[in-house]
Every structure is written in structure tokens, then in C-alpha cells.
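Colleague: Before anything else, here's the structure in question.
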Amino acid sequence: MNTRRDFLQKMGASALMLKLGSVAAFANVPDPIEPPYKGKVLRVAIMGLGGYGNRVAEAMKACTKAKLVGVISGTPSKIKDWQTKYNIPEKNCYNYENFDQVKNNPDIDAIYVITPNALHHNQVIRAAKAGKHVICEKPMALNAKEGQEMVDACKKANVMLLVGYRMHFEPRTLEVIRMRNAGEFGKVMFFQGLCGFKAGDPNQWRLNKALAGGGSMMDIGIYALNGARYMVGEEPIWVTAQETKTDPVKFKDGVDETIQFQLGFPSGAVASCLSSYNINHLDRFFVSGDKGFAEMQPSTGYGPIRGRTHKGELTQPITTHQTVQMDEMAAIIFEDHKPVVAVNGEEGLKDLKIIDAIYQAAKTGKKVELSA
Ligand code: NDP
């Protein structure tokens with residue numbers, strides 16, 4: 001088994017932008033070679049105590065630079081449970097009506113919005129107006145117009161807006177990006193991203209256009225889109241898209257079941273992507289250049305991420321994505337840390353602009369040109 005020290009010696013810590021503590025977090029054990037962290041800790045309140053909120057809260061137990069200190073929820077019983085589980089004081093508990101009062105709470109630095117997609121816009125803007133940094137789950141909003149308003153509101157309030165793009169801190173993903181940047185794949189010509197699963201409960205908010213803003217594309221297809229951008233390393237200049245619906249009862253109007261989309265990049269590289277709520281085992285990236293390739297499967301699940309390149313298997317450490325993400329986001333906020341792949345509101349907005357174009361292309365059957 002690779003030790004952490006072996007890994008850092010082999011790869012060079014700075015190349016991967018991995019803080020020592022981030023890798024230690026993977027093992028959830030005190031690190032023998034790192035002194036205890038004495039810097040500023042990002043004190044976070046989680047808004048929306050659902051499936052993913054619970055996962056983030058558990059992962060944050062292993063953070064060194066970020067700490068869960070508050071909750072915002074519409075369910076009083078969950079607040080009580082979380083207070084006990086995570087030792088959260090009453091004064092740091094809010095609901096959706098009164099959370100603007102967080103502006104008077106000096107013990108909370110940031111709010112992490114983990115609610116259904118349609119709520120992000122209003123909640124992020126309110127959090128910003130309360131003077132708190134905001135971390136928002138993907139998709140950042142329902143469309144580019146909303147996304148732009150969120151970016152503007154955070155700028156105006158002088159707070160940071162970050163998006164929960166956990167893959168941007170994943171070591172094997174970062175190794176493929178490093179190889180691409182170093183020219184090890186040669187000229188990148190093609191990316192394929194397959195992302196999907198069979199959506200179960202027909203009554204879940206993910207299949208309700210008013211709350212989800214769409215279907216698979218908003219939820220899981222965004223990984224293929226975001227992946228195409230960070231794997232190719234360019235911004236697309238056109239999109240085409242086709243939608244297939246086999247179950248119009250479950251996937252009502254405006255809730256896409258399966259979308260195939262293609263992206264064209266300035267260099268001439270192309271991407272071919274699949275987003276589905278009705279096909280299982282779709283979690284695969286493939287990037288090909290004239291000198292080499294990388295393939296990853298699973299490519300965006302919670303892990304372990306697995307993959308190989310023309311040089312062999314990817315062996316970088318397996319991390320708990322949300323632990324590393326939150327420590328890195330604390331460093332972005334307090335230490336002006338610059339991640340290899342951006343996670344700011346502008347990055348979220350780029351995906352939303354392209355998603356708008358993908359829906360337009362699927363609807364009209366026409367190629368949509370994207371402005372830079
Ligand atoms: P869940 O349905 O499991 O949880 C959402 C929570 O939001 C609810 O438990 C509830 O918490 C709160 N909520 C507030 N208003 C509503 C409403 N009208 N309907 C339903 N819930 C409401 O969803 P997830 O946790 O899976 O997803 C939340 C967000 O996180 C989404 O934007 C999703 O895309 C994103 N996500 C990101 C992942 C990633 O890997 N980055 C993975 C999974 C999700 P409460 O009772 O406390 O108010």
C-alpha cells in the first residue's frame with residue numbers, strides 16, 4: 001500500500017494542490033508528520049439536512065480547517081437530532097423563515113446550501129445579504145440568469161460564492177488534469193462522459209420540474225459537462241443535443257429522462273456525453289489525445305474513483321471527497337488558495353450557460369453557438 005509520504009514524494013504536494021491535512025483526512029487518523037493546524041477554522045452552517053447534507057456533515061468530522069457549527073432546516077426534529085449528534089448550540093439553529101438573522105451571529109462564517117435546486121437562488125442571495133460566505137450545491141441555480149444574479153449578489157455583499165464541485169479536489173482526477181497540462185496526452189481530441197442512474201421514487205423532488213428545474217441534466221449530466229470542461233481544459237464554443245423519453249409519465253414535460261449532448265472546443269476537440277435518469281452503471285470518463293489517453297470508471301461517484309492512463313493504473317490516494325473539499329474551501333476563503341480547477345460562482349455560472357444551451361439545442365434540434 002502507498003503511504004502518504006511515498007505519495008507526496010512521488011507526486012509533489014504542490015502539483016496536486018493537496019494540503020497534507022487533506023490526505024490525512026482520508027484515513028481519519030492523526031497525522032504523524034504534520035503539526036496540529038493552528039490557523040483559522042471555517043465555521044459552517046448547513047442548510048437542508050437531507051441525504052447529501054448528512055454525508056457532508058459526517059465527512060466534516062475529519063476536517064482540520066472547517067467545522068460544522070450550525071444548521072438551517074425546515075424540520076425541527078432533524079435540528080434536535082443534529083444538535084445532539086454534532087454538538088450544535090441552540091443559538092446556531094435556524095429555519096428558512098428566520099435565517100436572515102444569521103447576520104447577527106459572529107460564530108458562523110459560511111452557509112452551505114444543500115437544498116433542492118430551485119431554492120438555491122433565493123437562499124444564496126439571502127445568505128450573502130446576511131454577510132456570510134456561501135457554498136452552494138450543484139447545479140448552482142436553474143439557469144444562467146439566476147446564476148448571474150447570485151454571483152452579483154455575493155460580489156455586492158463582498159462574500160465568496162463557491163460551488164460543491166467535489167471532483168475538483170479528487171487526487172486521481174487531478175492527476176489526469178496534471179498529465180494533460182504537462183502534454184502527456186499530446187493534443188487532446190476527444191472526451192466521452194457517461195453519467196446516469198435509474199431514478200427511483202416517482203414522487204421525489206428530482207422529478208418535479210418546479211423544484212429540480214429539469215431532469216437528469218441538472219442533477220447528473222452536469223458531471224459529464226463539468227468533466228468535459230476540466231478534462232479537455234477548454235471552454236466549449238458550440239453544443240448540439242438530443243433528448244430521448246421512454247417514460248413520459250415518470251419523466252413529465254420539462255423533466256428530461258435521457259439527453260445526449262456534444263460539445264465543440266476551440267482547439268477542434270469534441271466531447272460526446274450522455275446524461276440519464278433511466279440507465280444504470282453510467283459513471284465513466286474517457287479522454288484521448290494523439291499521444292495518450294485516460295479512462296476513469298467510476299469517474300464521479302463518491303469513490304473510490306478508479307482509472308488508468310496509457311502509462312498505467314492511477315494510484316493516487318483515495319479520499320473522502322467532502323472532507324477534502326471543505327478543508328480546501330476553507331483555504332480558498334481564508335488563505336486565498338487557488339484550486340487547480342475553479343469552484344467559484346463564475347465556474348458554476350459557466351455550467352449553467354451551457355446547460356441553457358443544451359436544453360435549447362435539444363428543443364430546437366439546432367446547433368447552439370456559445371460565446372466565450
Ligand atoms: P434531499 O431530498 O435528500 O435533501 C434536501 C433537503 O432540503 C431536505 O431534506 C430538506 O431538509 C430541504 N428542503 C427544503 N425545502 C425542501 C422541499 N421543498 N422539498 C424537499 N426538500 C426540501 O436532497 P439531496 O440532499 O440529495 O440534494 C440536495 C442538493 O444537493 C441538490 O441540489 C443536489 O443536486 C445536491 N447534491 C449534490 C451531490 C454532490 O455529490 N455534490 C450529491 C447529492 C446531492 P430540511 O428538512 O432540513 O429542511
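Chain labels follow the order of the C-alpha cells: the first chain is A, the next B, and so on; residue numbering restarts at 1 in every chain, and ligands are counted from 1 in their shown order.
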What do you get as JSON, numbers by chain if you pick all residues at most 6 Å from ligand 1, counting only C-alpha atoms and all ligand atoms?
Modeller: {"A": [48, 49, 50, 51, 52, 53, 73, 74, 75, 114, 115, 116, 117, 137, 138, 139, 164, 219]}
Colleague: Would you mind exporting the chosen residues as a compact mmCIF listing (two decimals), in the first residue's frame, restricted to N, CA, C and O atoms?
Modeller:
```txt
# COMPACT_ATOMS: atom_id res chain seq x y z
N GLY A 48 -30.43 22.59 4.89
CA GLY A 48 -31.02 21.44 4.20
C GLY A 48 -30.39 20.16 4.70
O GLY A 48 -29.31 19.76 4.24
N LEU A 49 -31.08 19.53 5.67
CA LEU A 49 -30.47 18.38 6.35
C LEU A 49 -30.99 17.08 5.72
O LEU A 49 -31.58 16.23 6.37
N GLY A 50 -30.76 16.93 4.42
CA GLY A 50 -31.24 15.75 3.69
C GLY A 50 -30.12 14.76 3.45
O GLY A 50 -29.13 14.70 4.21
N GLY A 51 -30.27 13.98 2.38
CA GLY A 51 -29.30 12.93 2.09
C GLY A 51 -27.88 13.46 1.96
O GLY A 51 -26.97 12.98 2.64
N TYR A 52 -27.68 14.45 1.11
CA TYR A 52 -26.31 14.93 0.90
C TYR A 52 -25.82 15.77 2.08
O TYR A 52 -24.64 15.71 2.43
N GLY A 53 -26.72 16.53 2.70
CA GLY A 53 -26.33 17.30 3.89
C GLY A 53 -25.76 16.38 4.96
O GLY A 53 -24.75 16.69 5.60
N SER A 73 -32.88 24.51 8.84
CA SER A 73 -33.72 23.40 8.42
C SER A 73 -35.19 23.75 8.61
O SER A 73 -35.54 24.54 9.48
N GLY A 74 -36.04 23.09 7.80
CA GLY A 74 -37.48 23.25 7.97
C GLY A 74 -38.07 22.16 8.84
O GLY A 74 -39.29 22.11 9.02
N THR A 75 -37.23 21.29 9.37
CA THR A 75 -37.74 20.14 10.13
C THR A 75 -37.18 20.15 11.56
O THR A 75 -36.02 19.76 11.78
N ILE A 114 -27.68 23.13 0.74
CA ILE A 114 -27.79 21.74 0.22
C ILE A 114 -29.27 21.37 0.12
O ILE A 114 -29.73 20.37 0.66
N THR A 115 -30.02 22.23 -0.54
CA THR A 115 -31.47 22.06 -0.68
C THR A 115 -31.80 21.77 -2.15
O THR A 115 -30.91 21.84 -3.01
N PRO A 116 -33.06 21.47 -2.47
CA PRO A 116 -33.42 21.26 -3.88
C PRO A 116 -33.02 22.47 -4.75
O PRO A 116 -33.08 23.62 -4.31
N ASN A 117 -32.66 22.16 -5.99
CA ASN A 117 -32.06 23.15 -6.90
C ASN A 117 -32.79 24.49 -7.00
O ASN A 117 -32.17 25.55 -7.03
N GLU A 137 -24.65 23.92 -3.46
CA GLU A 137 -24.56 22.65 -4.19
C GLU A 137 -24.82 22.86 -5.69
O GLU A 137 -25.40 23.83 -6.10
N LYS A 138 -24.39 21.87 -6.46
CA LYS A 138 -24.65 21.86 -7.89
C LYS A 138 -26.06 21.35 -8.15
O LYS A 138 -26.51 20.53 -7.36
N PRO A 139 -26.73 21.72 -9.20
CA PRO A 139 -26.42 22.86 -10.05
C PRO A 139 -26.62 24.14 -9.23
O PRO A 139 -27.55 24.22 -8.42
N GLY A 164 -20.23 23.29 -4.80
CA GLY A 164 -19.77 21.99 -4.27
C GLY A 164 -19.24 21.02 -5.31
O GLY A 164 -19.65 19.85 -5.34
N ASP A 219 -29.03 17.32 -12.66
CA ASP A 219 -28.58 16.59 -11.49
C ASP A 219 -27.30 15.80 -11.72
O ASP A 219 -26.35 15.89 -10.93
```
Colleague: Please report, as a PyMOL selection string, each residue of range 123-313 of chain A to which DSSP assigns strand (DSSP E) when run on this structure's backbone.
Modeller: chain A and resi 133-136+161-163+188-198+238-244+258-264+270-276+278-289+293-296+307-309+312-313
Colleague: Quick one: residues within 8 Å of range 209-214 of chain A, only C-alpha atoms counted, chain neighbours fewer than 6 positions away excluded, as a PDB file with all heavy atoms, in the first residue's frame?
Modeller:
```
ATOM      1  N   PRO A 116     -33.063  21.467  -2.470  1.00  0.00           N
ATOM      2  CA  PRO A 116     -33.418  21.265  -3.884  1.00  0.00           C
ATOM      3  C   PRO A 116     -33.021  22.469  -4.750  1.00  0.00           C
ATOM      4  O   PRO A 116     -33.076  23.624  -4.306  1.00  0.00           O
ATOM      5  CB  PRO A 116     -34.941  21.079  -3.823  1.00  0.00           C
ATOM      6  CG  PRO A 116     -35.181  20.455  -2.477  1.00  0.00           C
ATOM      7  CD  PRO A 116     -34.198  21.151  -1.567  1.00  0.00           C
ATOM      8  N   ASN A 117     -32.665  22.162  -5.993  1.00  0.00           N
ATOM      9  CA  ASN A 117     -32.062  23.148  -6.904  1.00  0.00           C
ATOM     10  C   ASN A 117     -32.789  24.490  -6.999  1.00  0.00           C
ATOM     11  O   ASN A 117     -32.166  25.548  -7.032  1.00  0.00           O
ATOM     12  CB  ASN A 117     -31.985  22.556  -8.322  1.00  0.00           C
ATOM     13  CG  ASN A 117     -31.358  21.176  -8.337  1.00  0.00           C
ATOM     14  OD1 ASN A 117     -30.666  20.819  -7.389  1.00  0.00           O
ATOM     15  ND2 ASN A 117     -31.596  20.412  -9.385  1.00  0.00           N
ATOM     16  N   ALA A 118     -34.127  24.440  -7.043  1.00  0.00           N
ATOM     17  CA  ALA A 118     -34.897  25.663  -7.270  1.00  0.00           C
ATOM     18  C   ALA A 118     -34.785  26.641  -6.102  1.00  0.00           C
ATOM     19  O   ALA A 118     -35.108  27.824  -6.256  1.00  0.00           O
ATOM     20  CB  ALA A 118     -36.366  25.324  -7.505  1.00  0.00           C
ATOM     21  N   LEU A 119     -34.342  26.155  -4.950  1.00  0.00           N
ATOM     22  CA  LEU A 119     -34.271  27.032  -3.775  1.00  0.00           C
ATOM     23  C   LEU A 119     -32.929  27.751  -3.672  1.00  0.00           C
ATOM     24  O   LEU A 119     -32.783  28.712  -2.921  1.00  0.00           O
ATOM     25  CB  LEU A 119     -34.531  26.211  -2.499  1.00  0.00           C
ATOM     26  CG  LEU A 119     -35.808  25.343  -2.538  1.00  0.00           C
ATOM     27  CD1 LEU A 119     -35.971  24.552  -1.251  1.00  0.00           C
ATOM     28  CD2 LEU A 119     -37.040  26.213  -2.769  1.00  0.00           C
ATOM     29  N   LEU A 142     -31.092  27.340 -11.450  1.00  0.00           N
ATOM     30  CA  LEU A 142     -31.870  26.689 -12.513  1.00  0.00           C
ATOM     31  C   LEU A 142     -31.448  27.128 -13.910  1.00  0.00           C
ATOM     32  O   LEU A 142     -31.723  26.448 -14.883  1.00  0.00           O
ATOM     33  CB  LEU A 142     -33.365  26.973 -12.329  1.00  0.00           C
ATOM     34  CG  LEU A 142     -33.987  26.474 -11.023  1.00  0.00           C
ATOM     35  CD1 LEU A 142     -35.511  26.562 -11.105  1.00  0.00           C
ATOM     36  CD2 LEU A 142     -33.570  25.044 -10.708  1.00  0.00           C
ATOM     37  N   GLY A 254     -40.613  18.757 -19.329  1.00  0.00           N
ATOM     38  CA  GLY A 254     -39.613  19.602 -18.678  1.00  0.00           C
ATOM     39  C   GLY A 254     -38.676  18.834 -17.757  1.00  0.00           C
ATOM     40  O   GLY A 254     -37.737  19.405 -17.203  1.00  0.00           O
ATOM     41  N   VAL A 255     -38.950  17.540 -17.563  1.00  0.00           N
ATOM     42  CA  VAL A 255     -38.043  16.703 -16.742  1.00  0.00           C
ATOM     43  C   VAL A 255     -37.392  15.703 -17.694  1.00  0.00           C
ATOM     44  O   VAL A 255     -37.990  14.699 -18.071  1.00  0.00           O
ATOM     45  CB  VAL A 255     -38.819  15.965 -15.621  1.00  0.00           C
ATOM     46  CG1 VAL A 255     -37.872  15.095 -14.803  1.00  0.00           C
ATOM     47  CG2 VAL A 255     -39.540  16.965 -14.729  1.00  0.00           C
ATOM     48  N   ASP A 256     -36.172  16.010 -18.110  1.00  0.00           N
ATOM     49  CA  ASP A 256     -35.531  15.157 -19.105  1.00  0.00           C
ATOM     50  C   ASP A 256     -35.112  13.821 -18.508  1.00  0.00           C
ATOM     51  O   ASP A 256     -34.542  13.753 -17.427  1.00  0.00           O
ATOM     52  CB  ASP A 256     -34.320  15.877 -19.726  1.00  0.00           C
ATOM     53  CG  ASP A 256     -33.388  16.459 -18.684  1.00  0.00           C
ATOM     54  OD1 ASP A 256     -33.718  17.500 -18.098  1.00  0.00           O
ATOM     55  OD2 ASP A 256     -32.344  15.839 -18.415  1.00  0.00           O
TER      56      ASP A 256
END
```
Colleague: Have a look at A:Gln192, A:Thr64, A:Ser272, A:Thr258 and name the one nearest to Tyr37 in chain A; count only C-alpha atoms.
Modeller: A:Thr64
Colleague: Choose the residue, out of A:Thr364, A:Asn143, A:Thr246, A:Asn54, that has the smallest atom-to-atom separation from Asp351 in chain A; count only C-alpha atoms.
Modeller: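 Among the listed residues, A:Asn143 lies closest to Asp351 in chain A.
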Colleague: Calculate how many Å separate CA of Lys40 in chain A from CA of Val69 in chain A, rounding to one decimal.
Modeller: 14.2 Å
Colleague: Excluding Ala127 in chain A and its own-chain neighbours fewer than 4 positions away, which residues fall within 7 Å of it when counting only C-alpha atoms? Please give them as a list in words.
Modeller: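 Using only C-alpha atoms, the neighbours found are Asp100, Ile111, Gln123, Gly131, Lys132 and Val134 of chain A.
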Colleague: Write the residues of the selection above to a file with N, CA, C and O atoms, as a PDB file, in the first residue's frame.
Modeller:
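Output (out_8.pdb):
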```pdb
ATOM      1  N   ASP A 100     -32.204  34.835   8.055  1.00  0.00           N
ATOM      2  CA  ASP A 100     -31.553  36.129   7.764  1.00  0.00           C
ATOM      3  C   ASP A 100     -30.888  36.682   9.034  1.00  0.00           C
ATOM      4  O   ASP A 100     -29.951  37.470   8.961  1.00  0.00           O
ATOM      5  N   ILE A 111     -22.429  29.631   5.005  1.00  0.00           N
ATOM      6  CA  ILE A 111     -23.620  28.787   4.925  1.00  0.00           C
ATOM      7  C   ILE A 111     -23.458  27.871   3.717  1.00  0.00           C
ATOM      8  O   ILE A 111     -23.108  28.328   2.625  1.00  0.00           O
ATOM      9  N   GLN A 123     -31.950  31.364  -1.576  1.00  0.00           N
ATOM     10  CA  GLN A 123     -31.231  31.102  -0.322  1.00  0.00           C
ATOM     11  C   GLN A 123     -29.801  31.632  -0.355  1.00  0.00           C
ATOM     12  O   GLN A 123     -29.304  32.175   0.641  1.00  0.00           O
ATOM     13  N   GLY A 131     -24.289  38.578   5.017  1.00  0.00           N
ATOM     14  CA  GLY A 131     -22.847  38.803   5.187  1.00  0.00           C
ATOM     15  C   GLY A 131     -22.040  37.535   5.362  1.00  0.00           C
ATOM     16  O   GLY A 131     -20.901  37.573   5.841  1.00  0.00           O
ATOM     17  N   LYS A 132     -22.607  36.390   4.958  1.00  0.00           N
ATOM     18  CA  LYS A 132     -21.879  35.120   5.129  1.00  0.00           C
ATOM     19  C   LYS A 132     -21.358  34.621   3.786  1.00  0.00           C
ATOM     20  O   LYS A 132     -22.013  34.787   2.752  1.00  0.00           O
ATOM     21  N   VAL A 134     -20.850  31.828   1.015  1.00  0.00           N
ATOM     22  CA  VAL A 134     -21.827  30.812   0.654  1.00  0.00           C
ATOM     23  C   VAL A 134     -21.179  29.699  -0.158  1.00  0.00           C
ATOM     24  O   VAL A 134     -20.459  29.961  -1.125  1.00  0.00           O
TER      25      VAL A 134
END
```
Colleague: My list of candidates is A:Trp238, A:Cys195, A:Arg126, A:Lys155. Which is closest to Glu97 in chain A when distances are computed with only C-alpha atoms?
Modeller: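 The closest residue to Glu97 in chain A is A:Arg126.
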Colleague: Just list the residues in range 59-90 of chain A DSSP gives alpha helix (DSSP H) on the backbone, as a list in words.
Modeller: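 Filtering range 59-90 of chain A down to alpha helix (DSSP H) leaves Ala59, Met60, Pro76, Ser77, Lys78, Ile79, Lys80, Asp81, Trp82, Gln83, Thr84, Lys85 and Tyr86 of chain A.
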Colleague: Have a look at A:Pro248, A:Gly312, A:Pro76, A:Gly196 and name the one nearest to Phe293 in chain A; count only C-alpha atoms.
Modeller: A:Gly312
Colleague: My list of candidates is A:Val368, A:Ala57, A:Ala362, A:Ile279. Which is closest to Gly200 in chain A when distances are computed with only C-alpha atoms?
Modeller: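 Among the listed residues, the smallest separation from Gly200 in chain A belongs to A:Ile279.
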Colleague: Mind checking which residues fall within 6 Å of range 182-190 of chain A, counting only C-alpha atoms, ignoring those fewer than 3 positions away in the same chain, and posting them as a list in words?
Modeller: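 Those residues are Met179, Ala269, Val270, Ala271, Val287, Ser288, Gly289, Asp290, Lys291, Gly292 and Phe293 of chain A.
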Colleague: Have a look at CA of His121 in chain A and CA of Glu149 in chain A and let me know their distance in Å, one decimal.
Modeller: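 Computed distance, CA of His121 in chain A to CA of Glu149 in chain A, equals 8.0 Å.
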Colleague: Which residue is closest to Ile222 in chain A? Choose from A:Lys350, A:Arg178, A:Lys156, A:Lys67 and count only C-alpha atoms.
Modeller: A:Lys350
